[in-house]
file target25.cif (mmCIF, C-alpha atoms and all ligand atoms)
data_target
loop_
_atom_site.label_atom_id
_atom_site.label_comp_id
_atom_site.auth_asym_id
_atom_site.auth_seq_id
_atom_site.Cartn_x
_atom_site.Cartn_y
_atom_site.Cartn_z
CA MET A 7 0.00 0.00 0.00
CA ALA A 8 1.39 3.45 -0.91
CA THR A 9 1.66 6.01 1.89
CA PHE A 10 1.93 9.76 1.37
CA ASP A 11 3.28 12.24 3.89
CA THR A 12 0.83 15.05 3.18
CA THR A 13 2.86 17.45 5.31
CA LYS A 14 5.85 17.12 2.97
CA GLN A 15 4.37 16.96 -0.54
CA GLU A 16 3.04 19.74 -2.79
CA PHE A 17 -0.56 20.83 -2.23
CA LYS A 18 -1.39 19.88 -5.82
CA ASP A 19 -0.49 16.25 -5.03
CA ASN A 20 -2.58 16.34 -1.85
CA TYR A 21 -5.40 17.86 -3.89
CA LYS A 22 -5.36 14.86 -6.26
CA LEU A 23 -5.65 12.48 -3.28
CA LEU A 24 -8.52 14.55 -1.80
CA ILE A 25 -10.63 14.82 -4.93
CA GLY A 26 -10.02 11.22 -5.94
CA SER A 27 -10.92 9.84 -2.50
CA VAL A 28 -13.84 11.99 -1.41
CA VAL A 29 -16.32 11.06 -4.15
CA PRO A 30 -18.97 11.75 -5.20
CA ARG A 31 -19.04 15.25 -3.77
CA PRO A 32 -22.25 17.24 -3.79
CA ILE A 33 -22.02 20.53 -5.64
CA ALA A 34 -23.29 23.89 -4.37
CA VAL A 35 -23.83 26.37 -7.17
CA VAL A 36 -23.49 29.55 -5.15
CA SER A 37 -24.92 32.86 -6.30
CA THR A 38 -23.90 36.12 -4.68
CA ILE A 39 -24.01 39.85 -5.33
CA ASN A 40 -20.91 41.67 -6.62
CA GLU A 41 -19.92 45.04 -5.19
CA ASP A 42 -21.51 46.81 -8.20
CA GLY A 43 -24.85 45.00 -7.63
CA THR A 44 -24.50 42.50 -10.48
CA SER A 45 -24.86 38.74 -9.97
CA ASN A 46 -22.09 36.20 -9.53
CA ILE A 47 -22.49 32.44 -9.67
CA ALA A 48 -19.98 29.56 -9.32
CA PRO A 49 -19.94 25.84 -8.37
CA PHE A 50 -18.24 24.47 -5.23
CA SER A 51 -17.86 20.75 -4.58
CA PHE A 52 -16.18 21.17 -1.19
CA PHE A 53 -19.75 21.35 0.13
CA THR A 54 -21.61 19.69 2.96
CA VAL A 55 -24.56 19.69 5.35
CA VAL A 56 -23.57 21.05 8.77
CA SER A 57 -26.70 21.16 10.95
CA ALA A 58 -30.38 20.26 10.58
CA ASN A 59 -31.60 22.37 13.52
CA PRO A 60 -30.84 25.18 12.82
CA MET A 61 -30.57 24.33 9.12
CA ILE A 62 -26.97 25.10 8.18
CA ILE A 63 -24.84 24.20 5.17
CA GLY A 64 -21.18 24.91 4.50
CA PHE A 65 -18.81 25.08 1.56
CA THR A 66 -15.19 25.98 0.89
CA PRO A 67 -13.89 28.51 -1.59
CA MET A 68 -10.11 28.11 -1.90
CA ILE A 69 -7.54 30.79 -2.64
CA ARG A 70 -7.24 30.96 -6.44
CA SER A 71 -4.13 29.25 -7.81
CA SER A 72 -3.90 31.55 -10.85
CA ASP A 73 -3.44 34.82 -8.92
CA GLY A 74 -3.36 33.97 -5.19
CA GLU A 75 -6.56 36.00 -4.61
CA GLN A 76 -9.75 35.16 -2.73
CA LYS A 77 -12.56 34.04 -5.05
CA ASP A 78 -15.31 36.57 -5.76
CA THR A 79 -17.91 34.32 -4.08
CA LEU A 80 -16.05 34.55 -0.76
CA LYS A 81 -15.45 38.30 -1.03
CA ASN A 82 -19.12 38.87 -1.85
CA ILE A 83 -20.41 36.78 1.05
CA LEU A 84 -18.08 38.36 3.60
CA ARG A 85 -19.24 41.81 2.43
CA GLN A 86 -22.95 41.26 1.75
CA LYS A 87 -23.69 38.33 4.17
CA GLU A 88 -26.13 36.48 1.91
CA PHE A 89 -26.01 33.78 -0.77
CA VAL A 90 -28.16 31.23 -2.58
CA VAL A 91 -27.22 27.56 -3.08
CA ASN A 92 -28.54 26.07 -6.32
CA PHE A 93 -28.19 22.39 -7.23
CA VAL A 94 -26.78 20.37 -10.12
CA THR A 95 -28.79 17.84 -12.11
CA LYS A 96 -28.56 15.84 -15.32
CA HIS A 97 -30.37 18.73 -16.99
CA ASN A 98 -28.14 21.67 -16.02
CA TYR A 99 -24.57 20.43 -15.37
CA GLU A 100 -23.14 21.61 -18.68
CA LYS A 101 -24.26 25.16 -17.97
CA VAL A 102 -23.00 24.87 -14.38
CA ASN A 103 -19.59 23.85 -15.76
CA LEU A 104 -19.56 26.99 -17.91
CA CYS A 105 -20.33 29.21 -14.93
CA SER A 106 -17.09 28.05 -13.24
CA THR A 107 -15.13 29.97 -15.91
CA GLU A 108 -12.98 32.78 -14.50
CA LEU A 109 -14.38 35.79 -16.32
CA PRO A 110 -12.97 39.33 -16.22
CA HIS A 111 -14.39 41.31 -13.28
CA GLY A 112 -17.85 42.70 -14.07
CA GLU A 113 -18.82 40.01 -16.61
CA SER A 114 -21.77 37.90 -15.47
CA GLU A 115 -21.42 34.11 -15.34
CA PHE A 116 -25.23 33.94 -15.55
CA ASP A 117 -25.05 35.55 -19.02
CA PHE A 118 -21.95 33.62 -20.10
CA ALA A 119 -23.50 30.24 -19.17
CA LYS A 120 -26.96 31.25 -20.45
CA LEU A 121 -28.42 30.74 -16.99
CA THR A 122 -31.58 32.55 -15.93
CA GLU A 123 -31.80 34.75 -12.83
CA LEU A 124 -34.84 34.44 -10.56
CA ASP A 125 -35.55 36.83 -7.68
CA SER A 126 -35.20 35.34 -4.20
CA GLU A 127 -37.78 35.83 -1.47
CA VAL A 128 -35.70 37.12 1.46
CA VAL A 129 -32.10 37.53 0.22
CA THR A 130 -30.70 39.79 -2.51
CA PRO A 131 -28.66 37.21 -4.50
CA LYS A 132 -30.61 35.62 -7.34
CA ARG A 133 -31.73 32.02 -7.70
CA MET A 134 -30.78 29.99 -10.77
CA LYS A 135 -33.97 29.09 -12.63
CA GLU A 136 -32.39 25.98 -14.18
CA SER A 137 -31.99 24.42 -10.69
CA PRO A 138 -35.09 22.62 -9.32
CA ILE A 139 -34.07 23.36 -5.71
CA HIS A 140 -32.83 26.62 -4.16
CA PHE A 141 -31.60 27.36 -0.63
CA GLU A 142 -31.69 31.04 0.36
CA CYS A 143 -28.94 31.49 2.96
CA LYS A 144 -27.84 34.08 5.52
CA PHE A 145 -24.12 34.02 6.26
CA ARG A 146 -23.32 32.54 9.72
CA ASP A 147 -19.54 32.28 10.03
CA SER A 148 -16.29 31.57 8.23
CA LEU A 149 -13.09 29.81 9.18
CA SER A 150 -9.97 30.53 7.13
CA TYR A 151 -7.06 28.12 7.12
CA GLY A 152 -4.56 30.58 5.59
CA ASP A 153 -3.93 32.72 2.55
CA VAL A 154 -1.84 30.74 0.05
CA PRO A 155 -3.13 29.12 -3.17
CA GLY A 156 -5.32 26.12 -2.40
CA THR A 157 -6.13 27.20 1.15
CA GLY A 158 -9.79 26.95 2.00
CA THR A 159 -12.11 29.19 3.95
CA PHE A 160 -15.06 27.23 5.28
CA VAL A 161 -18.20 29.34 4.94
CA THR A 162 -21.45 28.43 6.65
CA GLY A 163 -24.91 29.80 6.05
CA GLU A 164 -28.29 29.34 7.65
CA VAL A 165 -30.89 28.21 5.15
CA VAL A 166 -33.84 30.57 5.64
CA ARG A 167 -35.93 29.53 2.62
CA VAL A 168 -36.04 26.37 0.50
CA HIS A 169 -37.74 26.32 -2.90
CA VAL A 170 -38.49 22.98 -4.59
CA GLU A 171 -40.10 22.38 -7.98
CA ASP A 172 -43.63 21.00 -7.41
CA GLU A 173 -43.06 17.95 -9.59
CA LEU A 174 -40.12 16.82 -7.41
CA LEU A 175 -42.15 16.84 -4.19
CA ASP A 176 -43.80 13.75 -2.79
CA GLU A 177 -45.30 14.35 0.69
CA GLY A 178 -42.41 16.54 1.80
CA ARG A 179 -39.72 14.26 0.33
CA ILE A 180 -37.72 14.93 -2.78
CA ASP A 181 -38.21 12.33 -5.51
CA GLN A 182 -34.65 11.31 -6.36
CA ASP A 183 -35.45 9.97 -9.84
CA LYS A 184 -37.13 13.20 -10.90
CA TYR A 185 -34.38 15.25 -9.22
CA ALA A 186 -31.55 13.39 -11.09
CA PRO A 187 -28.70 14.88 -9.01
CA ILE A 188 -25.09 14.93 -10.18
CA GLY A 189 -21.98 14.96 -7.99
CA ARG A 190 -18.35 15.79 -8.61
CA GLY A 191 -15.63 13.17 -9.03
CA ALA A 192 -11.89 13.41 -9.64
CA GLY A 193 -10.49 15.60 -12.41
CA ASN A 194 -13.24 16.53 -14.85
CA ASP A 195 -15.59 13.73 -13.72
CA TRP A 196 -19.23 14.42 -12.95
CA ILE A 197 -21.14 11.53 -11.35
CA VAL A 198 -24.78 10.89 -12.24
CA CYS A 199 -26.42 9.57 -9.06
CA ASP A 200 -28.95 7.29 -10.74
CA HIS A 201 -28.08 3.92 -9.25
CA ARG A 202 -29.20 3.55 -5.64
CA VAL A 203 -29.32 0.59 -3.25
CA GLN A 204 -31.48 0.45 -0.13
CA ILE A 205 -30.74 -1.18 3.21
CA GLU A 206 -32.65 -0.88 6.50
CA ARG A 207 -30.85 0.42 9.58
CA LEU A 208 -31.12 -1.78 12.66
CA MET A 209 -32.57 0.89 14.92
CA LYS A 210 -35.85 2.41 16.05
CA ALA A 211 -37.66 5.43 14.61
CA GLN A 212 -35.40 8.03 13.06
CA ILE A 213 -36.12 11.35 11.39
CA GLN A 214 -35.71 9.76 7.97
CA LYS A 215 -38.74 7.47 8.61
C1 LIG B 1 -17.87 21.12 -10.39
C2 LIG B 1 -16.91 22.15 -9.85
C3 LIG B 1 -16.64 22.20 -8.51
C4 LIG B 1 -15.79 23.18 -7.98
N1 LIG B 1 -15.55 23.19 -6.63
C5 LIG B 1 -14.77 24.15 -6.10
C6 LIG B 1 -14.55 24.20 -4.68
O1 LIG B 1 -15.07 23.39 -3.89
N2 LIG B 1 -13.77 25.20 -4.19
C7 LIG B 1 -13.20 26.14 -5.01
O2 LIG B 1 -12.50 27.03 -4.53
N3 LIG B 1 -13.39 26.12 -6.35
C8 LIG B 1 -14.17 25.16 -6.91
N4 LIG B 1 -14.40 25.15 -8.27
C9 LIG B 1 -13.84 26.24 -9.10
C10 LIG B 1 -14.70 27.52 -9.00
O3 LIG B 1 -16.02 27.27 -9.43
C11 LIG B 1 -14.08 28.61 -9.89
O4 LIG B 1 -12.81 28.96 -9.36
C12 LIG B 1 -14.93 29.85 -10.05
O5 LIG B 1 -14.38 30.65 -11.09
C13 LIG B 1 -14.99 30.71 -8.79
O6 LIG B 1 -15.76 31.83 -9.10
P1 LIG B 1 -15.73 33.19 -8.27
O7 LIG B 1 -14.33 33.76 -8.33
O8 LIG B 1 -16.75 34.01 -8.98
O9 LIG B 1 -16.13 32.87 -6.86
C14 LIG B 1 -15.19 24.15 -8.83
C15 LIG B 1 -15.46 24.08 -10.22
C16 LIG B 1 -16.29 23.09 -10.72
C17 LIG B 1 -16.57 23.05 -12.21
#
call {"tool": "encode", "arguments": {"input": "target25.cif", "output": "structure tokens"}}
result
Amino acid sequence: MATFDTTKQEFKDNYKLLIGSVVPRPIAVVSTINEDGTSNIAPFSFFTVVSANPMIIGFTPMIRSSDGEQKDTLKNILRQKEFVVNFVTKHNYEKVNLCSTELPHGESEFDFAKLTELDSEVVTPKRMKESPIHFECKFRDSLSYGDVPGTGTFVTGEVVRVHVEDELLDEGRIDQDKYAPIGRGAGNDWIVCDHRVQIERLMKAQIQK
């Protein structure tokens, strides 16, 4: 078995081990408001659920390798304190990939990726119409692990509104076949989550019942 001393090797080599091991990763497509009031949107696969009560999610923008700067998403959230998480499906992932392009400041990824902006109910950042689920979030806290390329800042947000397409809903649950979610794999892999197996847990009533 190969062993890697992650404290001694380049971050790019650690990155390959991370993204090849932690799969599939859910993807948050995060929309925020730029300083000039325009919309910004970008995908983040370092994304997870943090708390159900209160309802909190978290994701990690890393310091950009190309210029050593914080990503616009992080700057916008730290300034404006709100964001929307949109989700990736079989029907929108190609457009989501396009919106990860680093565009010159002021150019909208919504326009570039031909994504449609929808007003939110309680936050200023827009929802992405092509996503069947939207989480409107208020910034809770952030934890930065440094300021060199590849360093993450974990950002959490409280989900204050959830919007779900009617046709996906079945008595408060989300129909996974209709949803057709996609996760992130290693390299340029996207993983279609359309093969599920079911197994009962050996315990009494749980919230998933
Ligand atoms: C599927 C996918 C997942 C990504 N996940 C992350 C991530 O977790 N963290 C990160 O810093 N960048 C991630 N990126 C790259 C960002 O989306 C990209 O740097 C984007 O331009 C950032 O935009 P911003 O500067 O407007 O925030 C990902 C890209 C793709 C296509």
call {"tool": "atom_distance", "arguments": {"input": "target25.cif", "atom1": "CA of Thr107 in chain A", "atom2": "CA of Met68 in chain A"}}
result
15.0 Å
call {"tool": "closest_residue", "arguments": {"input": "target25.cif", "among": "A:Phe10, A:Phe17, A:Phe52, A:Tyr151", "to": "ligand LIG 1 (chain B)", "atoms": "all atoms listed in the file"}}
result
A:Phe52
call {"tool": "closest_residue", "arguments": {"input": "target25.cif", "among": "A:Ala34, A:Val129, A:Ile63, A:Leu124", "to": "Glu142 in chain A", "atoms": "only C-alpha atoms"}}
result
A:Val129
call {"tool": "residues_near_ligand", "arguments": {"input": "target25.cif", "ligand": "ligand LIG 1 (chain B)", "cutoff": "9 Å", "atoms": "all atoms listed in the file", "output": "ChimeraX atom specification"}}
result
/A:31-38,46-53,65-71,75-82,94,99,102-109,111,115,156-159,189-191,194-196
call {"tool": "write_last_selection", "arguments": {"input": "target25.cif", "atoms": "C-alpha atoms", "output": "PDB file, in the coordinates of the input"}}
result
ATOM      1  CA  ARG A  31     -19.040  15.250  -3.770  1.00  0.00           C
ATOM      2  CA  PRO A  32     -22.250  17.240  -3.790  1.00  0.00           C
ATOM      3  CA  ILE A  33     -22.020  20.530  -5.640  1.00  0.00           C
ATOM      4  CA  ALA A  34     -23.290  23.890  -4.370  1.00  0.00           C
ATOM      5  CA  VAL A  35     -23.830  26.370  -7.170  1.00  0.00           C
ATOM      6  CA  VAL A  36     -23.490  29.550  -5.150  1.00  0.00           C
ATOM      7  CA  SER A  37     -24.920  32.860  -6.300  1.00  0.00           C
ATOM      8  CA  THR A  38     -23.900  36.120  -4.680  1.00  0.00           C
ATOM      9  CA  ASN A  46     -22.090  36.200  -9.530  1.00  0.00           C
ATOM     10  CA  ILE A  47     -22.490  32.440  -9.670  1.00  0.00           C
ATOM     11  CA  ALA A  48     -19.980  29.560  -9.320  1.00  0.00           C
ATOM     12  CA  PRO A  49     -19.940  25.840  -8.370  1.00  0.00           C
ATOM     13  CA  PHE A  50     -18.240  24.470  -5.230  1.00  0.00           C
ATOM     14  CA  SER A  51     -17.860  20.750  -4.580  1.00  0.00           C
ATOM     15  CA  PHE A  52     -16.180  21.170  -1.190  1.00  0.00           C
ATOM     16  CA  PHE A  53     -19.750  21.350   0.130  1.00  0.00           C
ATOM     17  CA  PHE A  65     -18.810  25.080   1.560  1.00  0.00           C
ATOM     18  CA  THR A  66     -15.190  25.980   0.890  1.00  0.00           C
ATOM     19  CA  PRO A  67     -13.890  28.510  -1.590  1.00  0.00           C
ATOM     20  CA  MET A  68     -10.110  28.110  -1.900  1.00  0.00           C
ATOM     21  CA  ILE A  69      -7.540  30.790  -2.640  1.00  0.00           C
ATOM     22  CA  ARG A  70      -7.240  30.960  -6.440  1.00  0.00           C
ATOM     23  CA  SER A  71      -4.130  29.250  -7.810  1.00  0.00           C
ATOM     24  CA  GLU A  75      -6.560  36.000  -4.610  1.00  0.00           C
ATOM     25  CA  GLN A  76      -9.750  35.160  -2.730  1.00  0.00           C
ATOM     26  CA  LYS A  77     -12.560  34.040  -5.050  1.00  0.00           C
ATOM     27  CA  ASP A  78     -15.310  36.570  -5.760  1.00  0.00           C
ATOM     28  CA  THR A  79     -17.910  34.320  -4.080  1.00  0.00           C
ATOM     29  CA  LEU A  80     -16.050  34.550  -0.760  1.00  0.00           C
ATOM     30  CA  LYS A  81     -15.450  38.300  -1.030  1.00  0.00           C
ATOM     31  CA  ASN A  82     -19.120  38.870  -1.850  1.00  0.00           C
ATOM     32  CA  VAL A  94     -26.780  20.370 -10.120  1.00  0.00           C
ATOM     33  CA  TYR A  99     -24.570  20.430 -15.370  1.00  0.00           C
ATOM     34  CA  VAL A 102     -23.000  24.870 -14.380  1.00  0.00           C
ATOM     35  CA  ASN A 103     -19.590  23.850 -15.760  1.00  0.00           C
ATOM     36  CA  LEU A 104     -19.560  26.990 -17.910  1.00  0.00           C
ATOM     37  CA  CYS A 105     -20.330  29.210 -14.930  1.00  0.00           C
ATOM     38  CA  SER A 106     -17.090  28.050 -13.240  1.00  0.00           C
ATOM     39  CA  THR A 107     -15.130  29.970 -15.910  1.00  0.00           C
ATOM     40  CA  GLU A 108     -12.980  32.780 -14.500  1.00  0.00           C
ATOM     41  CA  LEU A 109     -14.380  35.790 -16.320  1.00  0.00           C
ATOM     42  CA  HIS A 111     -14.390  41.310 -13.280  1.00  0.00           C
ATOM     43  CA  GLU A 115     -21.420  34.110 -15.340  1.00  0.00           C
ATOM     44  CA  GLY A 156      -5.320  26.120  -2.400  1.00  0.00           C
ATOM     45  CA  THR A 157      -6.130  27.200   1.150  1.00  0.00           C
ATOM     46  CA  GLY A 158      -9.790  26.950   2.000  1.00  0.00           C
ATOM     47  CA  THR A 159     -12.110  29.190   3.950  1.00  0.00           C
ATOM     48  CA  GLY A 189     -21.980  14.960  -7.990  1.00  0.00           C
ATOM     49  CA  ARG A 190     -18.350  15.790  -8.610  1.00  0.00           C
ATOM     50  CA  GLY A 191     -15.630  13.170  -9.030  1.00  0.00           C
ATOM     51  CA  ASN A 194     -13.240  16.530 -14.850  1.00  0.00           C
ATOM     52  CA  ASP A 195     -15.590  13.730 -13.720  1.00  0.00           C
ATOM     53  CA  TRP A 196     -19.230  14.420 -12.950  1.00  0.00           C
TER      54      TRP A 196
END
call {"tool": "residues_near_point", "arguments": {"input": "target25.cif", "point": "(-31.6, 29.7, -8.6)", "cutoff": "10 Å", "atoms": "only C-alpha atoms", "output": "NGL selection string"}}
result
:A and (35-37 or 47 or 90-93 or 121-126 or 131-142 or 169)
call {"tool": "atom_distance", "arguments": {"input": "target25.cif", "atom1": "CA of Gly112 in chain A", "atom2": "CA of Ser45 in chain A"}}
result
9.0 Å
call {"tool": "atom_distance", "arguments": {"input": "target25.cif", "atom1": "CA of Tyr185 in chain A", "atom2": "CA of Ser114 in chain A"}}
result
26.7 Å
call {"tool": "closest_residue", "arguments": {"input": "target25.cif", "among": "A:Leu24, A:Ile39, A:Ile62, A:Val198", "to": "Phe116 in chain A", "atoms": "all atoms listed in the file"}}
result
A:Ile39
call {"tool": "closest_residue", "arguments": {"input": "target25.cif", "among": "A:Asp147, A:Glu88, A:Asp153, A:Pro110", "to": "Val128 in chain A", "atoms": "all atoms listed in the file"}}
result
A:Glu88
call {"tool": "closest_residue", "arguments": {"input": "target25.cif", "among": "A:Gln86, A:Gln182, A:Ser150, A:Gln204", "to": "Gly43 in chain A", "atoms": "only C-alpha atoms"}}
result
A:Gln86
call {"tool": "closest_residue", "arguments": {"input": "target25.cif", "among": "A:Pro155, A:Val55, A:Asp19, A:Asn98", "to": "Gly74 in chain A", "atoms": "all atoms listed in the file"}}
result
A:Pro155
